[in-house]
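A.B. asks: One structure follows; several queries about it will come next.
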Amino acid sequence: MFKEKRKNKIRIGIDARMYGPIGKGLGRYIQEVVDNVLKIDRENEYVIFLSKDNFDEFEFNSKRVEKVLADARWYTLKEQVVMPYLICKNKLNLMHFPHFNVPVFTPGRFVVTIHDLILTKFPTTRASTLGPILYKIKNIFYKIVIYLAVKRAKKVIAVSNFTKNDIVEKFKINPKKIVVTYEGVSNLAKGRDSLFVSKLDDRETLLSYNINKRFLLYVGNAYPHKNLDFLIDVFKDIHKKYPEIDLVLVGKEDYFYSRLKNKIVNNKEIKKIGLDKSVIFPGYVPDEKLEIMYQKALAYIFPSLYEGFGLPPLEAMAKGCPVLSSDQSSMPEILGDAAIYFNPYRREDLIEKLDKIINNKNIR
């Protein structure tokens with residue numbers, strides 16, 4: 001009976017090259033999936049493909065789990081060759097790609113997770129550091145890769161019904177092929193009673209990031225569809241009315257955040273009213289310190305124009321922070337009736353909602 005059980009054991013591969021902080025939000029998603037699937041499934045064998053940047057970071061002490069170095073950066077021609085070779089070499093029964101970048105010639109059976117179709121919704125060179133011609137080539141290749149991924153996959157995992165409907169509408173595949181699996185707040189965010197947070201002084205933590213007033217909070221990246229230009233434009237009016245309130249934009253320094261900061265620094269109107277000193281860019285903030293920001297913020301604001309899921313506002317809620325969210329895409333599905341919604345194309349709507357939440361403790 002034992003031998004029979006071993007015969008039925010399958011060998012599963014997971015593309016974890018973005019595992020951990022190097023993959024930002026997607027990296028956290030992959031880390032949670034990999035860590036918890038390995039804890040839950042005690043029967044099957046797993047091959048975890050990692051990059052040289054996170055190979056040493058991943059540890060799981062089990063004979064059922066094997067680490068393999070996949071030295072090919074995502075979204076490159078190299079991964080189109082290296083990943084299929086490694087899948088063949090490791091004799092897998094099933095492969096899971098937790099992102100759309102499935103190599104065109106991937107052998108065997110695979111499952112793919114699609115988080116959103118952002119590049120088909122907002123195909124703009126503002127969302128890339130590439131020039132117009134290279135960006136157009138990249139966008140065409142993206143569409144081919146994702147089309148083949150969803151068509152060839154045995155199952156497609158979507159992170160919301162909104163994303164599922166997007167996939168069905170765009171690629172005309174059978175809805176029964178798609179399984180909706182919501183994301184969740186990770187164990188890295190333990191809430192108000194976190195042991196790490198209890199050891200930190202709230203005031204000292206905030207002052208270390210130059211936050212010494214009441215503040216509104218955004219956490220996430222600064223890609224164009226996140227609509228932060230709109231948020232800063234609205235904050236001009238809020239700042240005139242409530243000069244004692246700052247806007248804190250948390251996110252790792254990159255090309256998009258640098259571009260946003262430069263726009264503020266070089267804007268004469270913004271400098272004239274002192275707004276440049278009231279918009280604070282702390283950069284990357286560790287989870288235990290970020291939790292203090294969530295707890296002390298007047299509200300978390302999420303002005304995004306498009307999200308396949310939208311995890312940050314859910315994390316804010318888990319830490320007791322009131323949320324004002326865009327009413328677009330998946331947000332009403334994910335946040336339900338626990339957020340105040342606004343139209344991200346109407347500045348007057350957000351100003352009105354901010355007025356309410358700033359002045360009404362009961363609403364917060």
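Ordered as shown in the structure tokens, chains take letters A, B, and onward, while each chain numbers its residues from 1 and ligands are numbered from 1 in the order shown.
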For Gly184 of chain A, list every protein, DNA or RNA residue within 12 Å, evaluated using only C-alpha atoms, and leave out those in the same chain fewer than 2 positions away; present the list as a tab-separated table (two decimals) with C-alpha atoms, in the first residue's frame.
C.D. replies:
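So around.tsv came out as:
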chain	number	residue	atom	x	y	z
A	28	ARG	CA	4.93	38.71	-1.47
A	29	TYR	CA	2.06	36.84	-3.16
A	32	GLU	CA	2.88	33.29	0.73
A	33	VAL	CA	1.70	30.76	-1.88
A	159	VAL	CA	-7.53	36.70	-8.08
A	160	SER	CA	-11.05	38.15	-8.40
A	181	THR	CA	-8.91	32.44	-5.52
A	182	TYR	CA	-8.88	35.66	-3.51
A	186	SER	CA	-0.34	37.87	5.05
A	187	ASN	CA	1.01	36.80	8.43
A	188	LEU	CA	3.61	39.55	8.08
A	189	ALA	CA	0.82	41.91	9.09
A	309	PHE	CA	-7.40	42.66	-6.74
A	310	GLY	CA	-5.94	45.55	-4.71
A	311	LEU	CA	-4.31	44.13	-1.58
A	312	PRO	CA	-2.99	47.32	0.15
A	313	PRO	CA	-6.41	48.71	1.17
A	314	LEU	CA	-7.31	45.29	2.58
A	315	GLU	CA	-4.09	45.32	4.62
A	316	ALA	CA	-4.94	48.82	5.84
A	317	MET	CA	-8.35	47.61	7.03
A	318	ALA	CA	-6.78	44.64	8.81
A	334	ILE	CA	-12.91	43.14	-2.66
A	335	LEU	CA	-13.70	45.84	-0.09
A.B. asks: Can you list every residue in segment 149-269 of chain A that DSSP puts in strand (DSSP E), as a VMD selection string?
C.D. replies: chain A and resid 155 to 158 178 to 180 214 to 219 245 to 250
A.B. asks: Keeping C-alpha atoms, export the residues of the selection given above as a tab-separated table (two decimals), in the first residue's frame.
C.D. replies:
chain	number	residue	atom	x	y	z
A	155	LYS	CA	-6.42	25.79	-15.24
A	156	VAL	CA	-6.22	29.56	-14.85
A	157	ILE	CA	-6.25	31.06	-11.35
A	158	ALA	CA	-7.78	34.56	-11.21
A	178	ILE	CA	-10.89	29.75	-14.50
A	179	VAL	CA	-10.81	29.34	-10.71
A	180	VAL	CA	-11.18	32.49	-8.58
A	214	ARG	CA	-1.85	64.27	11.19
A	215	PHE	CA	-1.60	62.54	7.84
A	216	LEU	CA	-3.33	60.75	4.98
A	217	LEU	CA	-1.60	57.60	3.72
A	218	TYR	CA	-0.99	55.79	0.46
A	219	VAL	CA	1.08	52.58	0.24
A	245	ILE	CA	-2.48	67.53	7.48
A	246	ASP	CA	0.29	65.86	5.44
A	247	LEU	CA	0.10	63.30	2.64
A	248	VAL	CA	2.45	60.31	3.04
A	249	LEU	CA	3.23	58.20	-0.05
A	250	VAL	CA	5.00	54.96	0.89
A.B. asks: Per DSSP on the backbone, filter segment 112-277 of chain A down to the residues in alpha helix (DSSP H) and report them as an NGL selection string.
C.D. replies: :A and (118-121 or 132-152 or 161-171 or 195-198 or 202-207 or 228-241 or 255-265 or 268-272)
A.B. asks: Need to verify the contact set: Gly13 of chain A, 7 Å, only C-alpha atoms, exclusion of same-chain residues closer than 3 positions in sequence. Can you return it as a ChimeraX atom specification?
C.D. replies: /A:46-48,92,94-96
A.B. asks: Using only C-alpha atoms, which protein or nucleic acid residues come within 12 Å of segment 64-71 of chain A? Drop anything in the same chain fewer than 6 positions from it, and give the result as a PyMOL selection string.
C.D. replies: chain A and resi 6+9-18+34-35+37-39+41-58+78-87+89-90
A.B. asks: Return the single residue from A:Pro322, A:Ile144, A:Tyr284, A:Phe302 that is closest to Asn360 of chain A, with distances computed using only C-alpha atoms.
C.D. replies: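 Closest to Asn360 of chain A, using only C-alpha atoms: A:Pro322.
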A.B. asks: For Asn221 of chain A, find every residue with an atom within 12 Å (counting only C-alpha atoms), except residues of its own chain fewer than 6 positions away, and show them as a PyMOL selection string.
C.D. replies: chain A and resi 24-26+127+227-228+249-258+260+281+283-284+302-304+310+312
A.B. asks: Convert the current residue selection to file output with N, CA and C atoms, as a JSON list (two decimals), in the first residue's frame.
C.D. replies:
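Contents of selection.json, freshly written:
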[["chain", "number", "residue", "atom", "x", "y", "z"],
["A", 24, "LYS", "N", 8.43, 42.71, -5.14],
["A", 24, "LYS", "CA", 7.45, 43.68, -4.61],
["A", 24, "LYS", "C", 6.14, 42.95, -4.23],
["A", 25, "GLY", "N", 4.98, 43.51, -4.63],
["A", 25, "GLY", "CA", 3.70, 42.90, -4.25],
["A", 25, "GLY", "C", 3.54, 41.49, -4.79],
["A", 26, "LEU", "N", 3.98, 41.29, -6.03],
["A", 26, "LEU", "CA", 3.91, 39.96, -6.63],
["A", 26, "LEU", "C", 4.83, 39.00, -5.89],
["A", 127, "ALA", "N", 4.05, 54.10, -18.63],
["A", 127, "ALA", "CA", 4.16, 53.00, -17.68],
["A", 127, "ALA", "C", 5.43, 52.19, -17.88],
["A", 227, "ASN", "N", -2.70, 56.46, -10.34],
["A", 227, "ASN", "CA", -3.43, 57.73, -10.31],
["A", 227, "ASN", "C", -2.95, 58.67, -9.20],
["A", 228, "LEU", "N", -1.66, 58.65, -8.90],
["A", 228, "LEU", "CA", -1.14, 59.49, -7.82],
["A", 228, "LEU", "C", -1.06, 60.95, -8.21],
["A", 249, "LEU", "N", 3.26, 59.16, 1.05],
["A", 249, "LEU", "CA", 3.23, 58.20, -0.05],
["A", 249, "LEU", "C", 4.36, 57.19, 0.15],
["A", 250, "VAL", "N", 4.00, 55.98, 0.57],
["A", 250, "VAL", "CA", 5.00, 54.96, 0.89],
["A", 250, "VAL", "C", 5.21, 54.03, -0.30],
["A", 251, "GLY", "N", 6.46, 53.89, -0.70],
["A", 251, "GLY", "CA", 6.79, 52.98, -1.79],
["A", 251, "GLY", "C", 8.27, 53.04, -2.07],
["A", 252, "LYS", "N", 8.82, 51.92, -2.47],
["A", 252, "LYS", "CA", 10.26, 51.84, -2.75],
["A", 252, "LYS", "C", 10.64, 52.81, -3.86],
["A", 253, "GLU", "N", 11.74, 53.54, -3.64],
["A", 253, "GLU", "CA", 12.23, 54.50, -4.63],
["A", 253, "GLU", "C", 12.55, 53.79, -5.95],
["A", 254, "ASP", "N", 11.91, 54.24, -7.02],
["A", 254, "ASP", "CA", 12.19, 53.70, -8.35],
["A", 254, "ASP", "C", 11.97, 54.81, -9.37],
["A", 255, "TYR", "N", 12.01, 54.45, -10.63],
["A", 255, "TYR", "CA", 11.86, 55.44, -11.70],
["A", 255, "TYR", "C", 10.55, 56.21, -11.58],
["A", 256, "PHE", "N", 9.47, 55.53, -11.25],
["A", 256, "PHE", "CA", 8.15, 56.15, -11.22],
["A", 256, "PHE", "C", 7.98, 57.07, -10.01],
["A", 257, "TYR", "N", 8.51, 56.65, -8.86],
["A", 257, "TYR", "CA", 8.45, 57.54, -7.69],
["A", 257, "TYR", "C", 9.37, 58.75, -7.88],
["A", 258, "SER", "N", 10.54, 58.54, -8.48],
["A", 258, "SER", "CA", 11.46, 59.66, -8.74],
["A", 258, "SER", "C", 10.80, 60.68, -9.67],
["A", 260, "LEU", "N", 7.62, 61.25, -9.99],
["A", 260, "LEU", "CA", 6.57, 61.93, -9.23],
["A", 260, "LEU", "C", 7.16, 63.00, -8.31],
["A", 281, "PHE", "N", 7.70, 61.45, 1.13],
["A", 281, "PHE", "CA", 8.06, 60.20, 0.47],
["A", 281, "PHE", "C", 9.03, 59.43, 1.37],
["A", 283, "GLY", "N", 9.91, 56.37, 1.17],
["A", 283, "GLY", "CA", 10.56, 55.25, 0.49],
["A", 283, "GLY", "C", 10.01, 53.93, 1.02],
["A", 284, "TYR", "N", 10.85, 52.90, 0.98],
["A", 284, "TYR", "CA", 10.45, 51.58, 1.50],
["A", 284, "TYR", "C", 10.36, 51.65, 3.03],
["A", 302, "PHE", "N", -6.83, 55.14, -1.81],
["A", 302, "PHE", "CA", -6.46, 54.27, -2.92],
["A", 302, "PHE", "C", -7.14, 54.77, -4.20],
["A", 303, "PRO", "N", -6.46, 55.65, -4.97],
["A", 303, "PRO", "CA", -7.12, 56.28, -6.12],
["A", 303, "PRO", "C", -6.97, 55.53, -7.44],
["A", 304, "SER", "N", -6.57, 54.27, -7.39],
["A", 304, "SER", "CA", -6.23, 53.50, -8.59],
["A", 304, "SER", "C", -7.37, 53.43, -9.61],
["A", 310, "GLY", "N", -6.10, 44.39, -5.59],
["A", 310, "GLY", "CA", -5.94, 45.55, -4.71],
["A", 310, "GLY", "C", -5.75, 45.16, -3.27],
["A", 312, "PRO", "N", -3.32, 46.33, -0.88],
["A", 312, "PRO", "CA", -2.99, 47.32, 0.15],
["A", 312, "PRO", "C", -4.16, 47.87, 0.95]]
A.B. asks: Tell me which protein, DNA and RNA residues are within 12 Å of Leu148 of chain A, counting only C-alpha atoms, leaving out same-chain ones fewer than 2 positions away, and put them as number ranges by chain.
C.D. replies: A: 100-106, 110, 112, 141-146, 150-154, 156, 171, 173
